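K.L.:
data.cif (mmCIF, C-alpha atoms) pasted underneath:
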```cif
data_model
#
loop_
_atom_site.group_PDB
_atom_site.id
_atom_site.type_symbol
_atom_site.label_atom_id
_atom_site.label_comp_id
_atom_site.auth_asym_id
_atom_site.auth_seq_id
_atom_site.Cartn_x
_atom_site.Cartn_y
_atom_site.Cartn_z
ATOM 1 C CA MET A 1 6.844 19.612 -42.256
ATOM 2 C CA ALA A 2 8.123 19.989 -45.787
ATOM 3 C CA ALA A 3 11.637 19.010 -46.671
ATOM 4 C CA ALA A 4 13.843 21.366 -48.637
ATOM 5 C CA PRO A 5 14.678 20.310 -52.186
ATOM 6 C CA GLY A 6 17.472 17.771 -52.115
ATOM 7 C CA GLN A 7 16.957 16.992 -48.442
ATOM 8 C CA MET A 8 16.587 13.433 -47.179
ATOM 9 C CA VAL A 9 13.767 12.844 -44.709
ATOM 10 C CA GLN A 10 14.542 10.264 -42.044
ATOM 11 C CA ALA A 11 11.594 8.396 -40.561
ATOM 12 C CA SER A 12 13.242 7.542 -37.254
ATOM 13 C CA PRO A 13 11.593 7.445 -33.868
ATOM 14 C CA CYS A 14 10.890 10.761 -32.241
ATOM 15 C CA PHE A 15 9.820 10.708 -28.609
ATOM 16 C CA GLY A 16 9.227 14.412 -27.959
ATOM 17 C CA ALA A 17 6.108 16.593 -27.945
ATOM 18 C CA THR A 18 6.401 16.893 -31.731
ATOM 19 C CA ASP A 19 6.598 13.841 -33.976
ATOM 20 C CA ALA A 20 9.077 13.306 -36.821
ATOM 21 C CA TYR A 21 6.666 15.008 -39.240
ATOM 22 C CA GLY A 22 6.234 18.168 -37.150
ATOM 23 C CA PHE A 23 2.802 17.341 -35.718
ATOM 24 C CA LYS A 24 2.125 18.055 -32.049
ATOM 25 C CA ARG A 25 1.440 15.032 -29.829
ATOM 26 C CA THR A 26 -1.188 14.964 -27.125
ATOM 27 C CA PRO A 27 -0.129 14.372 -23.507
ATOM 28 C CA ASP A 28 -1.817 10.956 -23.697
ATOM 29 C CA GLU A 29 0.226 9.989 -26.770
ATOM 30 C CA MET A 30 3.438 10.963 -25.010
ATOM 31 C CA ARG A 31 2.456 9.059 -21.833
ATOM 32 C CA ILE A 32 1.560 5.949 -23.829
ATOM 33 C CA MET A 33 4.857 6.065 -25.729
ATOM 34 C CA ARG A 34 6.817 6.334 -22.462
ATOM 35 C CA GLU A 35 4.841 3.475 -20.904
ATOM 36 C CA MET A 36 5.334 1.224 -23.924
ATOM 37 C CA LEU A 37 9.064 1.930 -24.009
ATOM 38 C CA ASP A 38 9.348 1.298 -20.255
ATOM 39 C CA GLU A 39 7.512 -2.032 -20.663
ATOM 40 C CA GLU A 40 9.981 -3.037 -23.366
ATOM 41 C CA ILE A 41 12.883 -2.015 -21.128
ATOM 42 C CA THR A 42 11.486 -4.048 -18.220
ATOM 43 C CA GLY A 43 11.217 -7.151 -20.411
ATOM 44 C CA PHE A 44 14.691 -6.561 -21.850
ATOM 45 C CA VAL A 45 16.211 -6.232 -18.346
ATOM 46 C CA LYS A 46 14.482 -9.396 -17.127
ATOM 47 C CA ASP A 47 15.277 -11.474 -20.233
ATOM 48 C CA SER A 48 18.916 -10.370 -20.263
ATOM 49 C CA GLU A 49 19.389 -10.827 -16.497
ATOM 50 C CA ILE A 50 20.688 -7.278 -16.020
ATOM 51 C CA ASP A 51 21.730 -6.229 -12.494
ATOM 52 C CA GLY A 52 20.052 -3.366 -10.635
ATOM 53 C CA PRO A 53 22.624 -0.596 -11.188
ATOM 54 C CA ALA A 54 22.821 -1.192 -14.942
ATOM 55 C CA ALA A 55 19.017 -1.393 -15.191
ATOM 56 C CA ARG A 56 18.660 1.912 -13.325
ATOM 57 C CA GLU A 57 21.244 3.494 -15.621
ATOM 58 C CA LEU A 58 19.231 2.450 -18.677
ATOM 59 C CA MET A 59 15.943 3.640 -17.157
ATOM 60 C CA ALA A 60 17.501 7.055 -16.430
ATOM 61 C CA GLU A 61 18.456 7.621 -20.085
ATOM 62 C CA ALA A 62 16.540 9.625 -22.654
ATOM 63 C CA PRO A 63 13.939 7.664 -24.650
ATOM 64 C CA GLU A 64 16.030 7.941 -27.820
ATOM 65 C CA VAL A 65 18.998 6.275 -26.085
ATOM 66 C CA LYS A 66 16.759 3.536 -24.656
ATOM 67 C CA TRP A 67 15.340 2.858 -28.112
ATOM 68 C CA VAL A 68 18.785 2.571 -29.734
ATOM 69 C CA VAL A 69 19.903 0.148 -26.995
ATOM 70 C CA LEU A 70 16.786 -2.001 -27.490
ATOM 71 C CA GLN A 71 17.264 -2.112 -31.265
ATOM 72 C CA ARG A 72 20.576 -3.930 -30.795
ATOM 73 C CA GLY A 73 18.776 -6.895 -29.214
ATOM 74 C CA PRO A 74 19.321 -8.884 -26.023
ATOM 75 C CA VAL A 75 22.657 -9.051 -24.191
ATOM 76 C CA ARG A 76 22.046 -12.335 -22.342
ATOM 77 C CA GLN A 77 24.729 -14.148 -24.372
ATOM 78 C CA ALA A 78 27.461 -11.775 -23.179
ATOM 79 C CA ASN A 79 29.832 -12.931 -20.433
ATOM 80 C CA ASN A 80 28.670 -9.965 -18.358
ATOM 81 C CA PRO A 81 25.265 -8.775 -19.667
ATOM 82 C CA SER A 82 25.220 -5.736 -17.368
ATOM 83 C CA ALA A 83 28.618 -4.540 -18.594
ATOM 84 C CA ALA A 84 27.521 -5.142 -22.194
ATOM 85 C CA LEU A 85 24.429 -3.025 -21.532
ATOM 86 C CA VAL A 86 26.491 -0.159 -20.099
ATOM 87 C CA GLY A 87 28.684 -0.309 -23.223
ATOM 88 C CA ARG A 88 25.612 -0.141 -25.456
ATOM 89 C CA ILE A 89 24.332 2.869 -23.534
ATOM 90 C CA ARG A 90 27.690 4.580 -24.054
ATOM 91 C CA ASP A 91 27.628 3.727 -27.777
ATOM 92 C CA ALA A 92 24.049 4.968 -28.153
ATOM 93 C CA LYS A 93 25.031 8.332 -26.694
ATOM 94 C CA ILE A 94 28.027 8.643 -29.043
ATOM 95 C CA ARG A 95 26.405 7.580 -32.320
ATOM 96 C CA PRO A 96 23.273 9.278 -33.622
ATOM 97 C CA VAL A 97 20.375 7.096 -34.737
ATOM 98 C CA GLN A 98 20.974 5.910 -38.275
ATOM 99 C CA ALA A 99 18.068 5.414 -40.628
ATOM 100 C CA THR A 100 17.924 2.215 -42.591
ATOM 101 C CA PRO A 101 17.951 2.821 -46.351
ATOM 102 C CA ALA A 102 14.315 1.693 -46.572
ATOM 103 C CA ALA A 103 13.302 4.317 -44.001
ATOM 104 C CA VAL A 104 14.695 7.280 -45.930
ATOM 105 C CA ILE A 105 12.581 9.275 -48.368
ATOM 106 C CA ASP A 106 14.490 11.076 -51.106
ATOM 107 C CA THR A 107 12.718 14.398 -51.667
ATOM 108 C CA THR A 108 14.754 15.149 -54.811
ATOM 109 C CA LYS A 109 12.482 12.713 -56.654
ATOM 110 C CA PRO A 110 8.701 12.781 -56.931
ATOM 111 C CA LEU A 111 7.073 10.880 -54.070
ATOM 112 C CA SER A 112 5.910 7.399 -54.907
ATOM 113 C CA GLU A 113 2.402 6.340 -53.946
ATOM 114 C CA VAL A 114 3.881 4.292 -51.083
ATOM 115 C CA ASP A 115 6.004 7.206 -49.794
ATOM 116 C CA ARG A 116 2.997 9.522 -49.922
ATOM 117 C CA PHE A 117 0.954 6.968 -47.930
ATOM 118 C CA ILE A 118 3.767 6.673 -45.363
ATOM 119 C CA LEU A 119 4.015 10.439 -44.888
ATOM 120 C CA GLU A 120 0.273 11.127 -44.877
ATOM 121 C CA ASN A 121 -0.368 8.382 -42.311
ATOM 122 C CA LYS A 122 2.723 9.215 -40.222
ATOM 123 C CA LEU A 123 3.969 5.616 -40.246
ATOM 124 C CA ASP A 124 6.911 4.895 -37.970
ATOM 125 C CA GLN A 125 10.195 3.505 -39.269
ATOM 126 C CA ASN A 126 9.272 -0.139 -38.660
ATOM 127 C CA ALA A 127 5.920 0.187 -40.432
ATOM 128 C CA ALA A 128 7.515 2.061 -43.350
ATOM 129 C CA VAL A 129 10.184 -0.611 -43.770
ATOM 130 C CA SER A 130 7.549 -3.369 -43.555
ATOM 131 C CA LEU A 131 5.307 -1.743 -46.152
ATOM 132 C CA ARG A 132 8.187 -1.105 -48.551
ATOM 133 C CA GLY A 133 9.304 -4.721 -48.158
ATOM 134 C CA GLU A 134 5.980 -6.092 -49.389
ATOM 135 C CA GLN A 135 5.152 -6.988 -52.972
ATOM 136 C CA ASP A 136 3.376 -4.353 -55.077
ATOM 137 C CA ASP A 137 -0.004 -6.081 -54.860
ATOM 138 C CA VAL A 138 0.185 -6.207 -51.045
ATOM 139 C CA GLN A 139 1.191 -2.524 -50.884
ATOM 140 C CA LYS A 140 -1.767 -1.599 -53.116
ATOM 141 C CA LEU A 141 -4.132 -3.660 -50.983
ATOM 142 C CA VAL A 142 -2.941 -1.920 -47.796
ATOM 143 C CA MET A 143 -3.233 1.537 -49.366
ATOM 144 C CA SER A 144 -6.680 0.742 -50.809
ATOM 145 C CA GLN A 145 -7.975 0.349 -47.252
ATOM 146 C CA GLY A 146 -7.691 4.112 -46.872
ATOM 147 C CA SER A 147 -6.119 6.324 -44.212
ATOM 148 C CA LEU A 148 -5.048 4.833 -40.933
#
```
Would you write the structure of this file as structure tokens?
P.N.:
Amino acid sequence: MAAAPGQMVQASPCFGATDAYGFKRTPDEMRIMREMLDEEITGFVKDSEIDGPAARELMAEAPEVKWVVLQRGPVRQANNPSAALVGRIRDAKIRPVQATPAAVIDTTKPLSEVDRFILENKLDQNAAVSLRGEQDDVQKLVMSQGSL
């Protein structure tokens, strides 16, 4: 998927049949993504001591909403963790996912070697941010290992 000149490409999570780069996912990839997200949700609910109705509400949400809620971290320190969770679900539905500055690729400029590696290997937002945060010699070492 090519970006139009001047367009910013956001490397945020995409849970559908097509990934953020326009490539079709296999049914197994989609199943694995759902299972991994559900495992994270289960751990989050247990660690945060969420009650049943709030946990069911979170499990019923779209994967993108679940992911945004998880990115905000645990709610166990709140006076009422279940109410805090319901508020986060509401907020996640209102606000679209925001890319971190390190996860955005500016297509108005020539792609750097690191950006090209990120796009060609379809790295997710966390991996892209991690790679960009490393020193140049570490980035070169990772890229010298070849395609992922």
K.L.:
Can you tell me which residues surround Met33 of chain A at a distance of at most 12 Å, considering all atoms listed in the file, apart from same-chain residues fewer than 6 positions away, and format the answer as a ChimeraX atom specification?
P.N.:
/A:13-17,19,25-27,39-40,63-64,67
K.L.:
Using Å and a single decimal, report how far atom CA of Ser82 of chain A sits from atom CA of Val68 of chain A.
P.N.:
16.2 Å
K.L.:
Could you tell me which of A:Val138, A:Val114, A:Val86, A:Val129 comes closest to Ala54 of chain A if we count all atoms listed in the file?
P.N.:
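For Ala54 of chain A, the nearest of the given residues is A:Val86.
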K.L.:
Report as a ChimeraX atom specification the full result of the PyMOL selection byres ((chain A and resi 148) around 7) when it is applied to this structure.
P.N.:
/A:121,146-147
K.L.:
So which one's closest to Arg72 of chain A, A:Arg56, A:Arg88, A:Lys122, A:Arg31? Using all atoms listed in the file, please.
P.N.:
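Among A:Arg56, A:Arg88, A:Lys122, A:Arg31, it is A:Arg88 that comes nearest to Arg72 of chain A.
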K.L.:
Quick one: pull the distance between atom CA of Leu131 of chain A and atom CA of Asp38 of chain A, Å, one decimal.
P.N.:
26.4 Å
K.L.:
Any idea what's packed within 12 Å of Gly73 of chain A, counting only C-alpha atoms, ignoring anything in its chain fewer than 5 positions away? Could you give it as a list of chain:residue names?
P.N.:
A:Glu40, A:Ile41, A:Gly43, A:Phe44, A:Val45, A:Asp47, A:Ser48, A:Lys66, A:Trp67, A:Val68, A:Ala78, A:Pro81, A:Ala84, A:Leu85, A:Arg88
K.L.:
How would the residues just chosen look if you wrote them out with C-alpha atoms as a JSON list (two decimals), in the coordinates of the input?
P.N.:
```json
[["chain", "number", "residue", "atom", "x", "y", "z"],
["A", 40, "GLU", "CA", 9.98, -3.04, -23.37],
["A", 41, "ILE", "CA", 12.88, -2.02, -21.13],
["A", 43, "GLY", "CA", 11.22, -7.15, -20.41],
["A", 44, "PHE", "CA", 14.69, -6.56, -21.85],
["A", 45, "VAL", "CA", 16.21, -6.23, -18.35],
["A", 47, "ASP", "CA", 15.28, -11.47, -20.23],
["A", 48, "SER", "CA", 18.92, -10.37, -20.26],
["A", 66, "LYS", "CA", 16.76, 3.54, -24.66],
["A", 67, "TRP", "CA", 15.34, 2.86, -28.11],
["A", 68, "VAL", "CA", 18.78, 2.57, -29.73],
["A", 78, "ALA", "CA", 27.46, -11.78, -23.18],
["A", 81, "PRO", "CA", 25.26, -8.78, -19.67],
["A", 84, "ALA", "CA", 27.52, -5.14, -22.19],
["A", 85, "LEU", "CA", 24.43, -3.02, -21.53],
["A", 88, "ARG", "CA", 25.61, -0.14, -25.46]]
```
K.L.:
One number please: atom CA of Ile50 of chain A to atom CA of Ile94 of chain A, in Å, one decimal.
P.N.:
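Straight-line distance from atom CA of Ile50 of chain A to atom CA of Ile94 of chain A works out to 21.8 Å.
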K.L.:
Can you work out which one of A:Met36, A:Pro74, A:Asp28, A:Gly87 has the shortest atom-to-atom distance to Glu57 of chain A, counting only C-alpha atoms?
P.N.:
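Using only C-alpha atoms, the shortest distance to Glu57 of chain A belongs to A:Gly87.
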K.L.:
Using all atoms listed in the file, pick whichever of A:Tyr21, A:Glu120, A:Glu113, A:Pro53 has the shortest atom-to-atom distance to Arg132 of chain A.
P.N.:
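Result for the nearest residue to Arg132 of chain A: A:Glu113.
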K.L.:
Please, which residues are within 12 Å of (-0.4, -3.1, -49.5) by the file's coordinates, counting all atoms listed in the file, and could they come as a PDB file with C-alpha atoms, in the coordinates of the input?
P.N.:
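Now in selection_5.pdb:
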```pdb
ATOM      1  CA  GLU A 113       2.402   6.340 -53.946  1.00  0.00           C
ATOM      2  CA  VAL A 114       3.881   4.292 -51.083  1.00  0.00           C
ATOM      3  CA  PHE A 117       0.954   6.968 -47.930  1.00  0.00           C
ATOM      4  CA  ILE A 118       3.767   6.673 -45.363  1.00  0.00           C
ATOM      5  CA  ALA A 127       5.920   0.187 -40.432  1.00  0.00           C
ATOM      6  CA  ALA A 128       7.515   2.061 -43.350  1.00  0.00           C
ATOM      7  CA  SER A 130       7.549  -3.369 -43.555  1.00  0.00           C
ATOM      8  CA  LEU A 131       5.307  -1.743 -46.152  1.00  0.00           C
ATOM      9  CA  ARG A 132       8.187  -1.105 -48.551  1.00  0.00           C
ATOM     10  CA  GLY A 133       9.304  -4.721 -48.158  1.00  0.00           C
ATOM     11  CA  GLU A 134       5.980  -6.092 -49.389  1.00  0.00           C
ATOM     12  CA  GLN A 135       5.152  -6.988 -52.972  1.00  0.00           C
ATOM     13  CA  ASP A 136       3.376  -4.353 -55.077  1.00  0.00           C
ATOM     14  CA  ASP A 137      -0.004  -6.081 -54.860  1.00  0.00           C
ATOM     15  CA  VAL A 138       0.185  -6.207 -51.045  1.00  0.00           C
ATOM     16  CA  GLN A 139       1.191  -2.524 -50.884  1.00  0.00           C
ATOM     17  CA  LYS A 140      -1.767  -1.599 -53.116  1.00  0.00           C
ATOM     18  CA  LEU A 141      -4.132  -3.660 -50.983  1.00  0.00           C
ATOM     19  CA  VAL A 142      -2.941  -1.920 -47.796  1.00  0.00           C
ATOM     20  CA  MET A 143      -3.233   1.537 -49.366  1.00  0.00           C
ATOM     21  CA  SER A 144      -6.680   0.742 -50.809  1.00  0.00           C
ATOM     22  CA  GLN A 145      -7.975   0.349 -47.252  1.00  0.00           C
ATOM     23  CA  GLY A 146      -7.691   4.112 -46.872  1.00  0.00           C
TER      24      GLY A 146
END
```
